[in-house]
Amino acid sequence: MSGPQSAAAGPGLEPYGLRCDHRVEPLGIGENAPLLSWRLASARRGDAPTSHRVRVLAVRGGDGGEEIPVWDTGRVTDPEAVSVRYAGPALRSRTRYAWRVAVTGADGSVREAGSWFETGVLPGAGDAGWTASWITHDPADIDVVDAPEEGELALVDHGLQPAIRMRRPFTPGAAPVRARLYVTARGLYEMRLNGTRVGDGELAPGWTDYRDRVDYQVHDVTASLRDGENVLAATVADGWWSGFTGFDPRRSGAHYGTFPQLLAELHVEYAGGATEVIGTGPEWRTARGPIRYADLLMGECHDLRRETPGWDRPGFGEDPGAWRAAAVTGDDHDLLTASVAQPVRAVRELAPRAVTRLGERVHLVDFGQNFAGRVRLTVRGLPSGARVTIRHGEALDDGGALYTDNLRTAAATDVLIAGGAAETVFEPRFTYHGFRYAEITGLEEIDPAGVRGVVLHSDTPWAGEFTCSDPGVERLHHAIAWGQRSNFVSVPTDCPQRDERLGWLADAQVFLPTACLNADVAAFFDGWLREVRGAQSPAGCFTNVAPRLAGVADEGAPGWADAGVLVPWHLYTVYGDERVLERSFDSMAAWIDFVHRHNPDLVWRHRVGPHFADWLAPAPTPREVVATAYFARSTDLTARTAEIIGRDEDARRYGALAAHIRKTFTERFVTGGGRIEGDTQTAYLLALAFDLLPEELVPHAVERLVTLVREAGPGVTTGFLGVGLIAPVLDAHGHADLAHALLRRTDPPSWLYPLRHGATTIWERWDGYTEERGFQAAAMNSFNHYALGSVGEWLYRGVAGLDQAPGSVGYRELLVRPRPGRLTSARASYESVRGTVAAGWTLRDGVFTLEVTVPPGASATVHIPTADPGGVREGGRPVAEADGVRIAGAEPGTLRCRVTSGEYRFTADVQ
Ligand code: RAM
């Protein structure tokens, strides 16, 4: 995990953090008009950009080669801009473009920063497109899994099949100046060139609905080529394509395909521009390797007795009995699309916290953290044929043994059969598990130094930090962050451990605001939204899961399907990239039209899919209340989207419809005294958060909400749809202290209860385990589900006070308004699209100190709690005299100031 990338602010205005389509130096851009963005830092208070200029240059003849100007924006006077959409001549395929941005600061000084991006396959743009064929192993040899050995029976019964090795020797014509590998698989692939692994991506090409789209990746392999013979090699395995995916155990074509296939093109460029292409085709040779099977849910088995060292390097003598000519399965390229997100990577390693001997050759490893990934085991002196089995689980039973009932049919078991080497390193390649504990069977002793937990997730750059004086709340923040890491694996999943791991839409939309503060997830969600839109039915109905999957009801439920509207909208507010709205608008409109068509009286009760309502709520909210609230919210956001992208007529139409739905909501579900049908926390939360009530009813609804929260303990009784709203809504209506009381609570249902019981990630259910009952029913009891962790957003925005002002987009207008509760300090920082934003406060000896960082070009309204507004100081001086600070007003107990960009330190007496 990389830390926040902030600039060391120099004296002047500095552009930094350059990105193309939200990624740093991406290879394989598939867009004709990518977004070029930069962030700003300055040590000077009040600094702001006045203009910028972006130049794009094509790079010819190798990566450090000649640069040919392609596009120049000229000087653009726009003090708000931190990005520009490429609008020059059509980009050429497979071309590197250098780009530079020059920003002029308030004092007229100009600073420049540079980066590059490289296009992928843009057919028609000086490129014939793809030429390689899909290949696989001889089908006659592929489904014959060798007789199962003891202990594997259950797994092989499922029909798991071996991973396939593929190789192709070639000799480049001359010394290459540049080489790129364009590669994808139906299944999972790992590429090697002359024995060296290509890239550091895991579980590539990632999960998409392969019936609609297969992502390819691009790797720079120039440095791995050598004189004479070279060997391009691959291993492919089932993955989501032909392995077990989702619940309701099924594989072998039930979802996508039946056996893994590879498609790759190595483009070697020589001085002078000549290019040679080595693509997958009938010349390739394939064989079954030592990976007897590899499956995302079941696990992986390596039989190292079958290892053939050197298979991926030149000079290898192929055993004619094992290696066969590749079978070509097709030449279709229509579904190939450029990857838009960061790959899954092995992001960090965990050392065991404890290794305990459970019995004869059985040990339990505790990594101290629930996570998604796998174990790497390094062992010495294992005789050939010795077997080591690793089982994975999130919890232990009362007897201290590994608890796996809640994994359902996911065997999550990896097997090593030793080949007799002095040292063996075993790490599965094509599976991952959700676990904290690993039970290792087959070793007399375990050296903790030889055991590592390898943490896998989509490598979204970490962008946020939160700390505070309450260790319980800090632990909660860490558990939420680990829930995000564990479940952002190619797509946002509900859980990483059991036979499910699906891209449930509601889980993703409720957690998104939290996710966006923890990490830069712009590219990750751009990728996933292609799946959300792609899964929409021709009638306009969004689904419950994306990628869409057989066995899961297609017709989206209220709050689930609505993610197709809510997710693009939220991404827009955080990242300010209007393209997400442009790309999504038609599908949003089709969705609203669908619901409207089937519910002309504006109470959403027809076509509700499997209606999960406020899923897993201790106090259930009536279905029509939940549904109609979401209908109003989605319609309103669709109207606002139309307005932003200039579809005025649509904006009017959906705006009017949203107003009607709100009115209907009140007429049908709200009494004159402000009671909402069902009288649950979530009913009031939805109505207040989505702005559904006429003004005069708001105080009544707030009062009732407060009463319900108090009567519950104070406690929270919402499920997935209400949980992220409770703290922000209480806070927005003057009850931050009640939100704090919920945070402090340690009995179920509460956020701290699981932590009291050793949780290191957020549980699926408030009562996943209780002292009285023990574990909840194993049929649905994940210990690593992020939905209930949606309170994480309020830790940044409320507790630390780091927020955007209402209506602000891309952190142009900050609102810093700490909610101390009973804490004595809190601090949040976040790497926004504009630059670093931060708010940190301490309360000591009656003095409240508030530090604020506002990036260049932005401004902030800062609320400083104080008993003496006249005595508030900034940087030691009375605020009225402080540079860049303007007093904006005072309420009882608070002084409000407006500040320009820069770093500020306010002190105020609070007693
Ligand atoms: C569960 C999933 C998910 C939820 C659906 C309704 O099986 O884990 O979290 O969105 O059901």
# chains A, B, ... in the order shown; residues from 1 in each chain; ligands from 1

call {"tool": "select_by_dssp", "arguments": {"residues": "region 78-218 of chain A", "states": "strand (DSSP E or B)", "output": "PyMOL selection string"}}
result
chain A and resi 83-85+96-104+110-119+134-136+164-170+176-186+188-193+196-197+202+214-218

call {"tool": "residues_near_ligand", "arguments": {"ligand": "ligand 1", "cutoff": "7 Å", "atoms": "only C-alpha atoms and all ligand atoms", "output": "ChimeraX atom specification"}}
result
/A:494-495,504-507,612,615,780,785

call {"tool": "write_last_selection", "arguments": {"atoms": "N, CA and C atoms", "output": "PDB file, in the first residue's frame"}}
result
ATOM      1  N   ASP A 494     -18.804  -8.185  -1.950  1.00  0.00           N
ATOM      2  CA  ASP A 494     -19.421  -8.111  -0.628  1.00  0.00           C
ATOM      3  C   ASP A 494     -18.520  -8.733   0.432  1.00  0.00           C
ATOM      4  N   CYS A 495     -17.796  -9.788   0.048  1.00  0.00           N
ATOM      5  CA  CYS A 495     -16.987 -10.523   1.016  1.00  0.00           C
ATOM      6  C   CYS A 495     -15.899 -11.278   0.257  1.00  0.00           C
ATOM      7  N   TRP A 504     -22.063  -6.876  -5.343  1.00  0.00           N
ATOM      8  CA  TRP A 504     -23.411  -6.430  -4.942  1.00  0.00           C
ATOM      9  C   TRP A 504     -23.492  -4.912  -5.007  1.00  0.00           C
ATOM     10  N   LEU A 505     -24.536  -4.435  -5.678  1.00  0.00           N
ATOM     11  CA  LEU A 505     -24.599  -2.999  -5.947  1.00  0.00           C
ATOM     12  C   LEU A 505     -24.853  -2.143  -4.704  1.00  0.00           C
ATOM     13  N   ALA A 506     -25.694  -2.622  -3.786  1.00  0.00           N
ATOM     14  CA  ALA A 506     -25.992  -1.770  -2.620  1.00  0.00           C
ATOM     15  C   ALA A 506     -24.778  -1.654  -1.718  1.00  0.00           C
ATOM     16  N   ASP A 507     -24.118  -2.782  -1.500  1.00  0.00           N
ATOM     17  CA  ASP A 507     -22.930  -2.739  -0.651  1.00  0.00           C
ATOM     18  C   ASP A 507     -21.981  -1.662  -1.168  1.00  0.00           C
ATOM     19  N   PHE A 612     -34.620  -6.407  -1.125  1.00  0.00           N
ATOM     20  CA  PHE A 612     -33.899  -6.722   0.121  1.00  0.00           C
ATOM     21  C   PHE A 612     -34.193  -5.705   1.219  1.00  0.00           C
ATOM     22  N   TRP A 615     -31.572  -4.190   4.288  1.00  0.00           N
ATOM     23  CA  TRP A 615     -31.009  -5.531   4.502  1.00  0.00           C
ATOM     24  C   TRP A 615     -30.332  -5.690   5.871  1.00  0.00           C
ATOM     25  N   MET A 780     -24.962 -17.597   6.437  1.00  0.00           N
ATOM     26  CA  MET A 780     -24.711 -16.225   5.993  1.00  0.00           C
ATOM     27  C   MET A 780     -24.083 -15.432   7.124  1.00  0.00           C
ATOM     28  N   HIS A 785     -17.277  -7.877   5.634  1.00  0.00           N
ATOM     29  CA  HIS A 785     -18.263  -7.273   4.738  1.00  0.00           C
ATOM     30  C   HIS A 785     -18.187  -5.771   5.023  1.00  0.00           C
TER      31      HIS A 785
END

call {"tool": "residues_around", "arguments": {"residues": "Leu335 (chain A)", "least_positions_apart": "4", "cutoff": "12 Å", "atoms": "only C-alpha atoms", "output": "compact mmCIF listing (two decimals) with N, CA, C and O atoms, in the first residue's frame"}}
result
# COMPACT_ATOMS: atom_id res chain seq x y z
N TRP A 130 -5.99 -6.08 -33.62
CA TRP A 130 -5.41 -7.31 -33.11
C TRP A 130 -5.20 -8.32 -34.24
O TRP A 130 -5.99 -8.37 -35.18
N THR A 184 -4.26 -10.77 -22.65
CA THR A 184 -5.44 -11.03 -21.84
C THR A 184 -5.72 -12.53 -21.82
O THR A 184 -4.99 -13.31 -22.46
N ALA A 185 -6.71 -12.91 -21.08
CA ALA A 185 -7.08 -14.32 -21.02
C ALA A 185 -8.58 -14.43 -20.79
O ALA A 185 -9.20 -13.53 -20.24
N ARG A 186 -9.13 -15.54 -21.22
CA ARG A 186 -10.42 -15.99 -20.70
C ARG A 186 -10.02 -16.96 -19.61
O ARG A 186 -9.61 -18.08 -19.87
N THR A 208 -14.63 -9.27 -15.50
CA THR A 208 -15.65 -8.50 -16.23
C THR A 208 -16.70 -9.52 -16.65
O THR A 208 -16.48 -10.72 -16.52
N ASP A 209 -17.82 -9.04 -17.15
CA ASP A 209 -18.76 -9.98 -17.74
C ASP A 209 -18.17 -10.34 -19.10
O ASP A 209 -18.27 -9.58 -20.06
N TYR A 210 -17.52 -11.50 -19.14
CA TYR A 210 -16.71 -11.86 -20.32
C TYR A 210 -17.57 -12.05 -21.57
O TYR A 210 -17.04 -12.16 -22.66
N ARG A 211 -18.88 -12.10 -21.38
CA ARG A 211 -19.76 -12.18 -22.55
C ARG A 211 -19.86 -10.82 -23.24
O ARG A 211 -20.26 -10.72 -24.39
N ASP A 212 -19.51 -9.76 -22.48
CA ASP A 212 -19.60 -8.41 -23.03
C ASP A 212 -18.24 -7.79 -23.31
O ASP A 212 -18.10 -6.94 -24.17
N ARG A 213 -17.27 -8.18 -22.49
CA ARG A 213 -15.99 -7.45 -22.55
C ARG A 213 -14.91 -8.28 -21.88
O ARG A 213 -15.15 -8.92 -20.86
N VAL A 214 -13.73 -8.27 -22.46
CA VAL A 214 -12.56 -8.89 -21.83
C VAL A 214 -11.46 -7.82 -21.83
O VAL A 214 -11.07 -7.33 -22.89
N ASP A 215 -11.00 -7.45 -20.67
CA ASP A 215 -9.97 -6.42 -20.57
C ASP A 215 -8.60 -6.97 -20.95
O ASP A 215 -8.26 -8.11 -20.59
N TYR A 216 -7.82 -6.16 -21.63
CA TYR A 216 -6.42 -6.54 -21.84
C TYR A 216 -5.51 -5.58 -21.08
O TYR A 216 -5.92 -4.47 -20.74
N ASP A 331 -10.52 -16.29 -33.40
CA ASP A 331 -9.78 -15.09 -33.78
C ASP A 331 -10.59 -13.84 -33.47
O ASP A 331 -10.37 -12.79 -34.02

call {"tool": "residues_around", "arguments": {"residues": "region 681-686 of chain A", "least_positions_apart": "6", "cutoff": "6 Å", "atoms": "only C-alpha atoms", "output": "PyMOL selection string"}}
result
chain A and resi 705+718+722

call {"tool": "residues_around", "arguments": {"residues": "Leu296 (chain A)", "least_positions_apart": "3", "cutoff": "6 Å", "atoms": "only C-alpha atoms", "output": "PDB file with C-alpha atoms, in the first residue's frame"}}
result
ATOM      1  CA  GLY A 239     -10.406 -17.899 -12.549  1.00  0.00           C
ATOM      2  CA  THR A 431      -6.604 -18.205  -6.048  1.00  0.00           C
ATOM      3  CA  TYR A 432      -7.208 -16.020  -3.044  1.00  0.00           C
TER       4      TYR A 432
END

call {"tool": "atom_distance", "arguments": {"atom1": "CA of Gly419 (chain A)", "atom2": "CA of Ile291 (chain A)"}}
result
12.5 Å

call {"tool": "select_by_dssp", "arguments": {"residues": "region 411-481 of chain A", "states": "alpha helix (DSSP H)", "output": "count of residues only"}}
result
11

call {"tool": "closest_residue", "arguments": {"among": "A:Phe594, A:Asp803, A:Leu788, A:Ala479", "to": "Ala759 (chain A)", "atoms": "only C-alpha atoms"}}
result
A:Ala479

call {"tool": "closest_residue", "arguments": {"among": "A:Ala632, A:Val344, A:Leu396, A:Val879", "to": "Val489 (chain A)", "atoms": "only C-alpha atoms"}}
result
A:Val344
